Amino acid sequence: MSDTLRILLIDDEARILRALKALFRDYETFQTTNPLEAVALAKQHDVDVVICDQRMPEKVGIDVLRDIKEAHPRALRILLTGYSDLKAVLGSVNESEVFRFVNKPWDNTELKTLVAGAGTIAREAPVIVKDALPQVEHDRARTQVGVLVIEDDTTVQQRLREILQPYYRVNFANTAERALQIMEQHETGVVISETEAGRSDLTALLKALKQHHPHIATVVITERANAQTAIELINEGQVYRMLIKPVRMGTCRLSVDSAIGRYWQLKQNPQAARRFTAARSTEHSLHSPLRLPAALLNRIRSLPGRLLGTARV
Amino acid sequence: MLWIVVIALLAGCGWLGFMLLNAQRECRVLKAAHAEADEEIKRLQATQSQVIHTTKLASLGQMVAGVAHEINTPLGFVKSNVEVIGDLLDDYRKLVKQYDAAVQYCLQPVDLIFGADKASLDKLVKHVEDARRKLFEARTALEKSPLLKDAKELLSDATEGLAQLGSLVMNLKGFSRVDRDGMDSMDLNEGLESALMIAQHQLRDRVKVVRHFGTLPKVRCMPSQMNQVFLNLITNAAQAIDGDGTLTIESKASGGNVEISFEDTGCGIPDDILPKIFDPFFTTKPVGEGTGLGLSIVHKIVKGHGGTIKVRTTPKKGSVFTLSLPVDGAGAKQSVQAAAA
């Protein structure tokens, strides 16, 4: 096959497809208005990047992208939508694990840069097909890898302690400061965090953490997710899972198990972490890491690779 | 004997005086209570109009969100197309420049011919052959270039998209009737269409809408209120349907009335709840998700227009809300106008 990127475009509005096809005229594009054909097309043409609409009558975008993730995991997935309802946002994190969530109307230059970058990553970075580990390896992983909970509500803390303590090496922090202290001392593979503690915002911390240490899996637990904040957590924080309170034991254990699996495999295979590269925050971002105190940002940057499992990078 | 009469009279007067005082006191208490009740009524009225206003704002918010979503798709491709067409034209200009260069190259031999000897004539022939080839290639590139065709296609999509955006805005204006107020003759089918457009984002990928719109006479009514009624009933139907379903809207003229029914394949209304559905503040939704005013406002507006609203429901199968409105707005009360203010 040729060297040019291959992109699959899915939208029930043919005009959107024509617009994108024209925008990506330097690449090889495949398109369909029928989401039910998407998975077959992705496999057949071995595409690098998929751009998919959310709202389509036959099948919604997050389901299309989830199926493409299963059938053709090599491709990076972008959800392009005029509807940023919470269901779409949560689904795109938890089910289809999108690379980016882009709102219509999009910016041509940004979208081109995004697709070019995604295409390179899709071609070069190895794939982790399944996050779950074989039992023996999983048991080894959970005794070694620290799970850090950042949460200031003592009731929720208590609840998480009950759910997690018996199975994982858990540490608790109620401020960003304390969280960093823990990460400086223990190997931390999974960070479970609220979006805010007290009155201070934690999303900037989560973004900064992911930007500098992309192999850490972050699980966000939040009371009332705001779509804009959640979209930023996807794009600039590449959050692994997003759970809505109250936390259920089953979902929580499942998320943490697979988060540990993800981290463990990225530790063995650091190049694969490129697939979870977070976008740099812009001046439009609600919570930019650049607004974090410089001292905190420096500490995040210089977290020792030894403790983060990336010593070999 | 006289004594007894005088004493009795005095006692009677005393008693009467006492009663009078008592009555006066009671009267004062009553007056105070009355004033208080008046106050309370005024406060309630104020609260009610406040709540109606808030609900209006809430449905305005819903409307704006719905339309914003609808706008994003055409806006997306129009915006992209316009930029891409610019790039295509730049690419086309490059082709034209190449053609121009080929033409220049062709013209060079003309200058050379004048001072030519045998050797250079041979060179010249070769140059001319080259020139012909280059010109041919450049011209074919221009003719075969899809750039202009693509640009035209994108432009026509953009034009189409602008038309979509235009009709969205028209619909929005039609829905809110900001440019008109008070009673007017209205085509209720148009109102149904604009309410459907506003509710589009709640329906789109799960609720199939079936329209059985009959030919209707124009109805004397408050158009913005009628639209509110339609939007509330459509929204209600959409919320009653969990997952996929169908909303069938039928409109027809019958005698001096227009009848519109909204039939959903939703959860239906349980018997114990049915009598309360038009009560203000009654809601089955969790706190914070519904004001409990949707149907009470519908009821109030329809009554205000001299119409009726009926519900037929089967739990787990769905509900039908049927409106009947007099064409001449005969029963329309002054209060409708007041409520709209």
# chains A, B, ... in the order shown; residues from 1 in each chain; ligands from 1
$ closest_atom_pairs --of "chain B" --to "chain A" --cutoff "8 Å" --atoms "only C-alpha atoms" --output "CSV"
residue,atom,partner,partner_atom,distance
B:His69,CA,A:Gly82,CA,5.4
B:Glu70,CA,A:Gly82,CA,7.4
B:Asn72,CA,A:Gly82,CA,5.2
B:Thr73,CA,A:Gly82,CA,6.0
B:Pro74,CA,A:Ile16,CA,7.9
B:Leu75,CA,A:Pro105,CA,5.8
B:Gly76,CA,A:Pro105,CA,3.7
B:Phe77,CA,A:Ile16,CA,5.4
B:Lys79,CA,A:Pro105,CA,7.3
B:Ser80,CA,A:Asn108,CA,6.2
B:Asn81,CA,A:Ala19,CA,5.7
B:Glu83,CA,A:Asn108,CA,7.8
B:Val84,CA,A:Leu23,CA,6.1
B:Asp150,CA,A:Ala22,CA,7.7
B:Leu154,CA,A:Ala19,CA,6.8
B:Asp157,CA,A:Arg15,CA,6.3
B:Arg204,CA,A:Pro57,CA,7.2
B:Asp205,CA,A:Pro57,CA,4.7
B:Arg206,CA,A:Pro57,CA,7.4
$ write_last_selection --atoms "N, CA and C atoms" --output "compact mmCIF listing (two decimals), in the first residue's frame"
# COMPACT_ATOMS: atom_id res chain seq x y z
N HIS B 69 -27.05 23.15 18.13
CA HIS B 69 -26.60 21.85 17.65
C HIS B 69 -26.92 21.66 16.18
N GLU B 70 -28.13 22.05 15.80
CA GLU B 70 -28.53 21.90 14.40
C GLU B 70 -27.64 22.73 13.49
N ASN B 72 -24.50 23.55 13.95
CA ASN B 72 -23.09 23.17 13.86
C ASN B 72 -22.73 22.35 12.64
N THR B 73 -23.63 21.49 12.19
CA THR B 73 -23.29 20.66 11.04
C THR B 73 -23.15 21.49 9.75
N PRO B 74 -24.22 22.23 9.35
CA PRO B 74 -24.01 23.05 8.14
C PRO B 74 -22.87 24.06 8.32
N LEU B 75 -22.77 24.63 9.53
CA LEU B 75 -21.71 25.60 9.76
C LEU B 75 -20.35 24.93 9.55
N GLY B 76 -20.24 23.68 10.00
CA GLY B 76 -18.99 22.92 9.86
C GLY B 76 -18.56 22.83 8.41
N PHE B 77 -19.47 22.38 7.54
CA PHE B 77 -18.98 22.19 6.18
C PHE B 77 -18.91 23.47 5.37
N LYS B 79 -18.03 26.40 6.52
CA LYS B 79 -16.79 27.05 6.95
C LYS B 79 -15.59 26.36 6.31
N SER B 80 -15.58 25.03 6.38
CA SER B 80 -14.47 24.28 5.82
C SER B 80 -14.40 24.49 4.31
N ASN B 81 -15.56 24.39 3.64
CA ASN B 81 -15.58 24.51 2.18
C ASN B 81 -15.02 25.84 1.72
N GLU B 83 -12.91 27.77 3.10
CA GLU B 83 -11.45 27.79 3.23
C GLU B 83 -10.79 26.92 2.16
N VAL B 84 -11.34 25.72 1.98
CA VAL B 84 -10.73 24.79 1.02
C VAL B 84 -10.81 25.35 -0.39
N ASP B 150 -14.22 20.64 -8.36
CA ASP B 150 -14.32 20.43 -6.90
C ASP B 150 -14.76 21.71 -6.20
N LEU B 154 -18.02 22.21 -3.93
CA LEU B 154 -17.96 22.69 -2.55
C LEU B 154 -18.76 23.98 -2.39
N ASP B 157 -22.38 23.08 -2.22
CA ASP B 157 -22.70 22.59 -0.87
C ASP B 157 -22.78 23.75 0.11
N ARG B 204 -33.84 13.11 17.28
CA ARG B 204 -33.08 12.69 16.12
C ARG B 204 -32.77 11.21 15.97
N ASP B 205 -31.90 10.67 16.79
CA ASP B 205 -31.49 9.31 16.47
C ASP B 205 -32.28 8.25 17.20
N ARG B 206 -33.29 8.63 18.00
CA ARG B 206 -34.04 7.56 18.64
C ARG B 206 -35.54 7.59 18.39
$ residues_around --residues "A:Glu70" --least-positions-apart "4" --cutoff "10 Å" --atoms "only C-alpha atoms" --output "PyMOL selection string"
chain A and resi 39+65-66+74+96+129-130
$ write_last_selection --atoms "N, CA and C atoms" --output "PDB file, in the first residue's frame"
ATOM      1  N   VAL A  39     -17.001  -0.474   9.909  1.00  0.00           N
ATOM      2  CA  VAL A  39     -16.009  -1.421  10.417  1.00  0.00           C
ATOM      3  C   VAL A  39     -15.350  -2.176   9.263  1.00  0.00           C
ATOM      4  N   LEU A  65     -17.117   3.688  16.679  1.00  0.00           N
ATOM      5  CA  LEU A  65     -15.693   3.758  17.024  1.00  0.00           C
ATOM      6  C   LEU A  65     -15.289   2.632  17.978  1.00  0.00           C
ATOM      7  N   ARG A  66     -16.193   2.247  18.860  1.00  0.00           N
ATOM      8  CA  ARG A  66     -15.901   1.123  19.750  1.00  0.00           C
ATOM      9  C   ARG A  66     -15.690  -0.154  18.923  1.00  0.00           C
ATOM     10  N   ARG A  74      -5.502  -0.642  15.268  1.00  0.00           N
ATOM     11  CA  ARG A  74      -4.353   0.158  14.845  1.00  0.00           C
ATOM     12  C   ARG A  74      -4.750   1.613  14.535  1.00  0.00           C
ATOM     13  N   SER A  96     -15.238   3.916  23.395  1.00  0.00           N
ATOM     14  CA  SER A  96     -14.490   3.942  22.134  1.00  0.00           C
ATOM     15  C   SER A  96     -13.071   4.446  22.301  1.00  0.00           C
ATOM     16  N   VAL A 129      -3.526  -4.400  22.332  1.00  0.00           N
ATOM     17  CA  VAL A 129      -4.825  -4.873  21.870  1.00  0.00           C
ATOM     18  C   VAL A 129      -5.810  -5.001  23.023  1.00  0.00           C
ATOM     19  N   LYS A 130      -5.338  -5.541  24.135  1.00  0.00           N
ATOM     20  CA  LYS A 130      -6.250  -5.758  25.250  1.00  0.00           C
ATOM     21  C   LYS A 130      -5.587  -5.274  26.534  1.00  0.00           C
TER      22      LYS A 130
END
$ residues_around --residues "B:Val298" --least-positions-apart "3" --cutoff "12 Å" --atoms "only C-alpha atoms" --output "CSV table (one decimal) with N, CA and C atoms, in the first residue's frame"
chain,number,residue,atom,x,y,z
B,52,ILE,N,-43.6,31.0,35.4
B,52,ILE,CA,-43.9,30.9,34.0
B,52,ILE,C,-42.7,31.6,33.2
B,55,THR,N,-39.8,29.3,33.3
B,55,THR,CA,-40.0,28.1,32.4
B,55,THR,C,-39.8,28.6,31.0
B,225,GLN,N,-47.6,31.1,22.0
B,225,GLN,CA,-48.1,30.1,23.0
B,225,GLN,C,-48.4,28.8,22.4
B,226,MET,N,-48.9,28.8,21.2
B,226,MET,CA,-49.2,27.5,20.6
B,226,MET,C,-47.9,26.7,20.4
B,227,ASN,N,-46.9,27.4,19.9
B,227,ASN,CA,-45.6,26.8,19.7
B,227,ASN,C,-45.1,26.2,21.0
B,228,GLN,N,-45.3,26.9,22.1
B,228,GLN,CA,-44.9,26.5,23.4
B,228,GLN,C,-45.6,25.1,23.7
B,229,VAL,N,-46.9,25.1,23.4
B,229,VAL,CA,-47.7,23.9,23.7
B,229,VAL,C,-47.1,22.7,22.9
B,230,PHE,N,-46.9,23.0,21.6
B,230,PHE,CA,-46.4,21.9,20.8
B,230,PHE,C,-45.0,21.4,21.3
B,231,LEU,N,-44.2,22.4,21.6
B,231,LEU,CA,-42.8,22.0,22.0
B,231,LEU,C,-42.9,21.1,23.3
B,232,ASN,N,-43.8,21.6,24.3
B,232,ASN,CA,-43.9,20.9,25.5
B,232,ASN,C,-44.4,19.4,25.3
B,233,LEU,N,-45.4,19.3,24.4
B,233,LEU,CA,-46.0,18.0,24.2
B,233,LEU,C,-45.0,17.1,23.5
B,234,ILE,N,-44.2,17.6,22.5
B,234,ILE,CA,-43.2,16.9,21.8
B,234,ILE,C,-42.1,16.4,22.8
B,235,THR,N,-41.6,17.4,23.6
B,235,THR,CA,-40.6,17.1,24.5
B,235,THR,C,-41.0,16.0,25.5
B,236,ASN,N,-42.3,16.2,26.0
B,236,ASN,CA,-42.9,15.2,26.9
B,236,ASN,C,-42.8,13.8,26.3
B,277,ILE,N,-51.6,15.0,36.3
B,277,ILE,CA,-50.6,15.4,35.3
B,277,ILE,C,-50.7,16.9,34.9
B,278,PHE,N,-51.9,17.5,35.0
B,278,PHE,CA,-52.0,18.9,34.6
B,278,PHE,C,-51.8,19.8,35.8
B,279,ASP,N,-51.6,19.3,37.0
B,279,ASP,CA,-51.4,20.1,38.2
B,279,ASP,C,-50.0,20.8,38.1
B,280,PRO,N,-50.0,22.1,38.5
B,280,PRO,CA,-48.7,22.8,38.5
B,280,PRO,C,-47.8,22.1,39.5
B,292,GLY,N,-42.1,20.6,36.5
B,292,GLY,CA,-43.5,20.1,36.8
B,292,GLY,C,-44.5,21.2,36.3
B,293,LEU,N,-44.0,22.0,35.3
B,293,LEU,CA,-44.9,23.0,34.8
B,293,LEU,C,-45.3,22.8,33.3
B,294,GLY,N,-44.6,21.9,32.7
B,294,GLY,CA,-44.8,21.6,31.2
B,294,GLY,C,-46.2,21.4,30.9
B,295,LEU,N,-46.9,20.4,31.5
B,295,LEU,CA,-48.2,20.1,31.1
B,295,LEU,C,-49.2,21.1,31.7
B,301,ILE,N,-52.7,27.2,28.6
B,301,ILE,CA,-52.8,27.9,27.3
B,301,ILE,C,-54.0,27.4,26.5
B,302,VAL,N,-54.1,26.1,26.5
B,302,VAL,CA,-55.2,25.5,25.7
B,302,VAL,C,-56.6,26.0,26.2
B,303,LYS,N,-56.8,25.9,27.5
B,303,LYS,CA,-58.0,26.4,28.1
B,303,LYS,C,-58.2,27.9,27.8
B,304,GLY,N,-57.1,28.6,27.9
B,304,GLY,CA,-57.1,30.1,27.6
B,304,GLY,C,-57.6,30.4,26.2
B,305,HIS,N,-57.3,29.4,25.3
B,305,HIS,CA,-57.8,29.6,23.9
B,305,HIS,C,-59.2,29.0,23.6
B,307,GLY,N,-60.0,26.0,24.1
B,307,GLY,CA,-59.9,24.6,23.6
B,307,GLY,C,-59.9,23.6,24.7
B,308,THR,N,-59.7,22.3,24.3
B,308,THR,CA,-59.6,21.2,25.3
B,308,THR,C,-58.4,20.4,25.0
B,309,ILE,N,-58.0,19.7,26.1
B,309,ILE,CA,-56.9,18.7,25.9
B,309,ILE,C,-57.3,17.4,26.6
B,310,LYS,N,-57.2,16.3,25.8
B,310,LYS,CA,-57.5,15.0,26.4
B,310,LYS,C,-56.3,14.1,26.4
B,321,PHE,N,-52.0,12.5,23.5
B,321,PHE,CA,-52.6,13.8,23.9
B,321,PHE,C,-53.3,14.4,22.7
B,322,THR,N,-54.6,14.7,22.9
B,322,THR,CA,-55.3,15.3,21.8
B,322,THR,C,-55.8,16.7,22.1
B,323,LEU,N,-55.4,17.7,21.3
B,323,LEU,CA,-55.8,19.0,21.5
B,323,LEU,C,-57.0,19.3,20.5
B,336,VAL,N,-55.4,35.0,28.5
B,336,VAL,CA,-54.3,34.5,27.6
B,336,VAL,C,-53.3,35.6,27.3
$ residues_around --residues "A:His215" --least-positions-apart "4" --cutoff "12 Å" --atoms "only C-alpha atoms" --output "count of residues only"
38
$ residues_around --residues "A:Thr4" --least-positions-apart "3" --cutoff "12 Å" --atoms "only C-alpha atoms" --output "list of chain:residue names"
A:Met1, A:Ile7, A:Phe24, A:Arg25, A:Asp26, A:Tyr27, A:Glu28, A:Thr29, A:Val47, A:Asp48, A:Val49, A:Ala116, A:Gly119, A:Thr120, A:Arg123
$ write_last_selection --atoms "N, CA and C atoms" --output "JSON list (two decimals), in the first residue's frame"
[["chain", "number", "residue", "atom", "x", "y", "z"],
["A", 1, "MET", "N", 0.83, -1.20, 0.00],
["A", 1, "MET", "CA", 0.00, 0.00, 0.00],
["A", 1, "MET", "C", 0.87, 1.26, 0.00],
["A", 7, "ILE", "N", -7.51, 7.54, 5.40],
["A", 7, "ILE", "CA", -8.45, 8.07, 6.39],
["A", 7, "ILE", "C", -9.87, 7.63, 6.06],
["A", 24, "PHE", "N", -8.96, 16.83, 3.02],
["A", 24, "PHE", "CA", -7.88, 15.84, 3.09],
["A", 24, "PHE", "C", -7.54, 15.31, 1.70],
["A", 25, "ARG", "N", -7.56, 16.21, 0.70],
["A", 25, "ARG", "CA", -7.35, 15.74, -0.67],
["A", 25, "ARG", "C", -5.94, 15.22, -0.89],
["A", 26, "ASP", "N", -4.99, 15.56, -0.02],
["A", 26, "ASP", "CA", -3.63, 15.03, -0.18],
["A", 26, "ASP", "C", -3.51, 13.61, 0.36],
["A", 27, "TYR", "N", -4.50, 13.15, 1.07],
["A", 27, "TYR", "CA", -4.48, 11.79, 1.61],
["A", 27, "TYR", "C", -5.44, 10.91, 0.82],
["A", 28, "GLU", "N", -5.33, 9.61, 1.10],
["A", 28, "GLU", "CA", -6.30, 8.70, 0.50],
["A", 28, "GLU", "C", -7.50, 8.65, 1.45],
["A", 29, "THR", "N", -8.68, 9.00, 0.95],
["A", 29, "THR", "CA", -9.84, 8.99, 1.85],
["A", 29, "THR", "C", -10.88, 7.98, 1.39],
["A", 47, "VAL", "N", -7.10, 1.43, 7.34],
["A", 47, "VAL", "CA", -6.97, 2.88, 7.50],
["A", 47, "VAL", "C", -6.16, 3.23, 8.74],
["A", 48, "ASP", "N", -5.59, 4.44, 8.71],
["A", 48, "ASP", "CA", -4.77, 4.91, 9.82],
["A", 48, "ASP", "C", -5.58, 5.73, 10.82],
["A", 49, "VAL", "N", -6.50, 6.53, 10.27],
["A", 49, "VAL", "CA", -7.27, 7.43, 11.13],
["A", 49, "VAL", "C", -8.75, 7.33, 10.74],
["A", 116, "ALA", "N", -2.72, 14.57, 10.74],
["A", 116, "ALA", "CA", -1.36, 14.21, 10.32],
["A", 116, "ALA", "C", -0.62, 13.56, 11.49],
["A", 119, "GLY", "N", -2.05, 10.14, 12.29],
["A", 119, "GLY", "CA", -1.66, 9.17, 11.27],
["A", 119, "GLY", "C", -0.26, 8.63, 11.53],
["A", 120, "THR", "N", 0.66, 9.54, 11.86],
["A", 120, "THR", "CA", 2.03, 9.11, 12.14],
["A", 120, "THR", "C", 2.04, 8.15, 13.33],
["A", 123, "ARG", "N", 0.76, 4.73, 12.55],
["A", 123, "ARG", "CA", 1.67, 3.90, 11.77],
["A", 123, "ARG", "C", 2.85, 3.42, 12.60]]
$ residues_around --residues "B:Leu155" --least-positions-apart "6" --cutoff "9 Å" --atoms "only C-alpha atoms" --output "list in words"
Val78, Asn81, Val82 and Ile85 of chain B
$ residues_around --residues "stretch 283-285 of chain A" --least-positions-apart "4" --cutoff "12 Å" --atoms "only C-alpha atoms" --output "list in words"
Thr203, Ala204, Lys207, Gln228, Thr229, Ala230, Ile231, Glu232, Leu233, Asn235, Glu236, Gly237, Ala279, Pro289, Leu290 and Arg291 of chain A
$ write_last_selection --atoms "N, CA and C atoms" --output "compact mmCIF listing (two decimals), in the first residue's frame"
# COMPACT_ATOMS: atom_id res chain seq x y z
N THR A 203 -8.16 19.29 37.44
CA THR A 203 -8.03 18.84 36.05
C THR A 203 -6.71 19.31 35.43
N ALA A 204 -6.26 20.50 35.82
CA ALA A 204 -4.99 21.00 35.29
C ALA A 204 -3.85 20.06 35.69
N LYS A 207 -4.05 16.92 33.59
CA LYS A 207 -3.56 17.17 32.24
C LYS A 207 -2.04 17.21 32.22
N GLN A 228 -17.86 20.38 28.67
CA GLN A 228 -16.65 21.08 28.22
C GLN A 228 -15.42 20.59 28.99
N THR A 229 -15.55 20.50 30.31
CA THR A 229 -14.43 20.02 31.13
C THR A 229 -14.07 18.59 30.73
N ALA A 230 -15.09 17.77 30.50
CA ALA A 230 -14.85 16.38 30.15
C ALA A 230 -14.15 16.26 28.79
N ILE A 231 -14.56 17.08 27.82
CA ILE A 231 -13.93 17.04 26.50
C ILE A 231 -12.45 17.43 26.62
N GLU A 232 -12.19 18.43 27.45
CA GLU A 232 -10.79 18.82 27.65
C GLU A 232 -10.00 17.71 28.32
N LEU A 233 -10.66 16.99 29.24
CA LEU A 233 -9.96 15.88 29.89
C LEU A 233 -9.62 14.78 28.89
N ASN A 235 -9.11 15.40 25.47
CA ASN A 235 -8.14 15.90 24.50
C ASN A 235 -6.81 16.27 25.13
N GLU A 236 -6.88 16.95 26.27
CA GLU A 236 -5.64 17.44 26.86
C GLU A 236 -5.19 16.57 28.02
N GLY A 237 -6.04 15.62 28.43
CA GLY A 237 -5.67 14.79 29.56
C GLY A 237 -5.71 13.30 29.24
N ALA A 279 -3.12 16.41 23.91
CA ALA A 279 -2.89 17.66 23.19
C ALA A 279 -2.40 18.72 24.16
N PRO A 289 -2.78 23.60 32.32
CA PRO A 289 -1.70 23.29 33.26
C PRO A 289 -0.75 24.47 33.42
N LEU A 290 -0.73 25.34 32.40
CA LEU A 290 0.19 26.47 32.49
C LEU A 290 -0.19 27.40 33.64
N ARG A 291 -1.43 27.27 34.10
CA ARG A 291 -1.85 28.10 35.22
C ARG A 291 -1.51 27.48 36.56
$ atom_distance --atom1 "atom CA of A:Ala176" --atom2 "atom CA of A:Ser255"
22.2 Å
$ select_by_dssp --residues "stretch 214-312 of chain B" --states "strand (DSSP E)" --output "list in words"
Val219, Arg220, Cys221, Gly245, Thr246, Leu247, Thr248, Ile249, Glu250, Ser251, Lys252, Ala253, Ser254, Asn257, Val258, Glu259, Ile260, Ser261, Phe262, Glu263, Asp264, Thr308, Ile309, Lys310, Val311 and Arg312 of chain B
$ closest_residue --among "A:Asn298, A:Thr113, A:Ser200, A:Thr195" --to "A:Lys245" --atoms "only C-alpha atoms"
A:Thr195
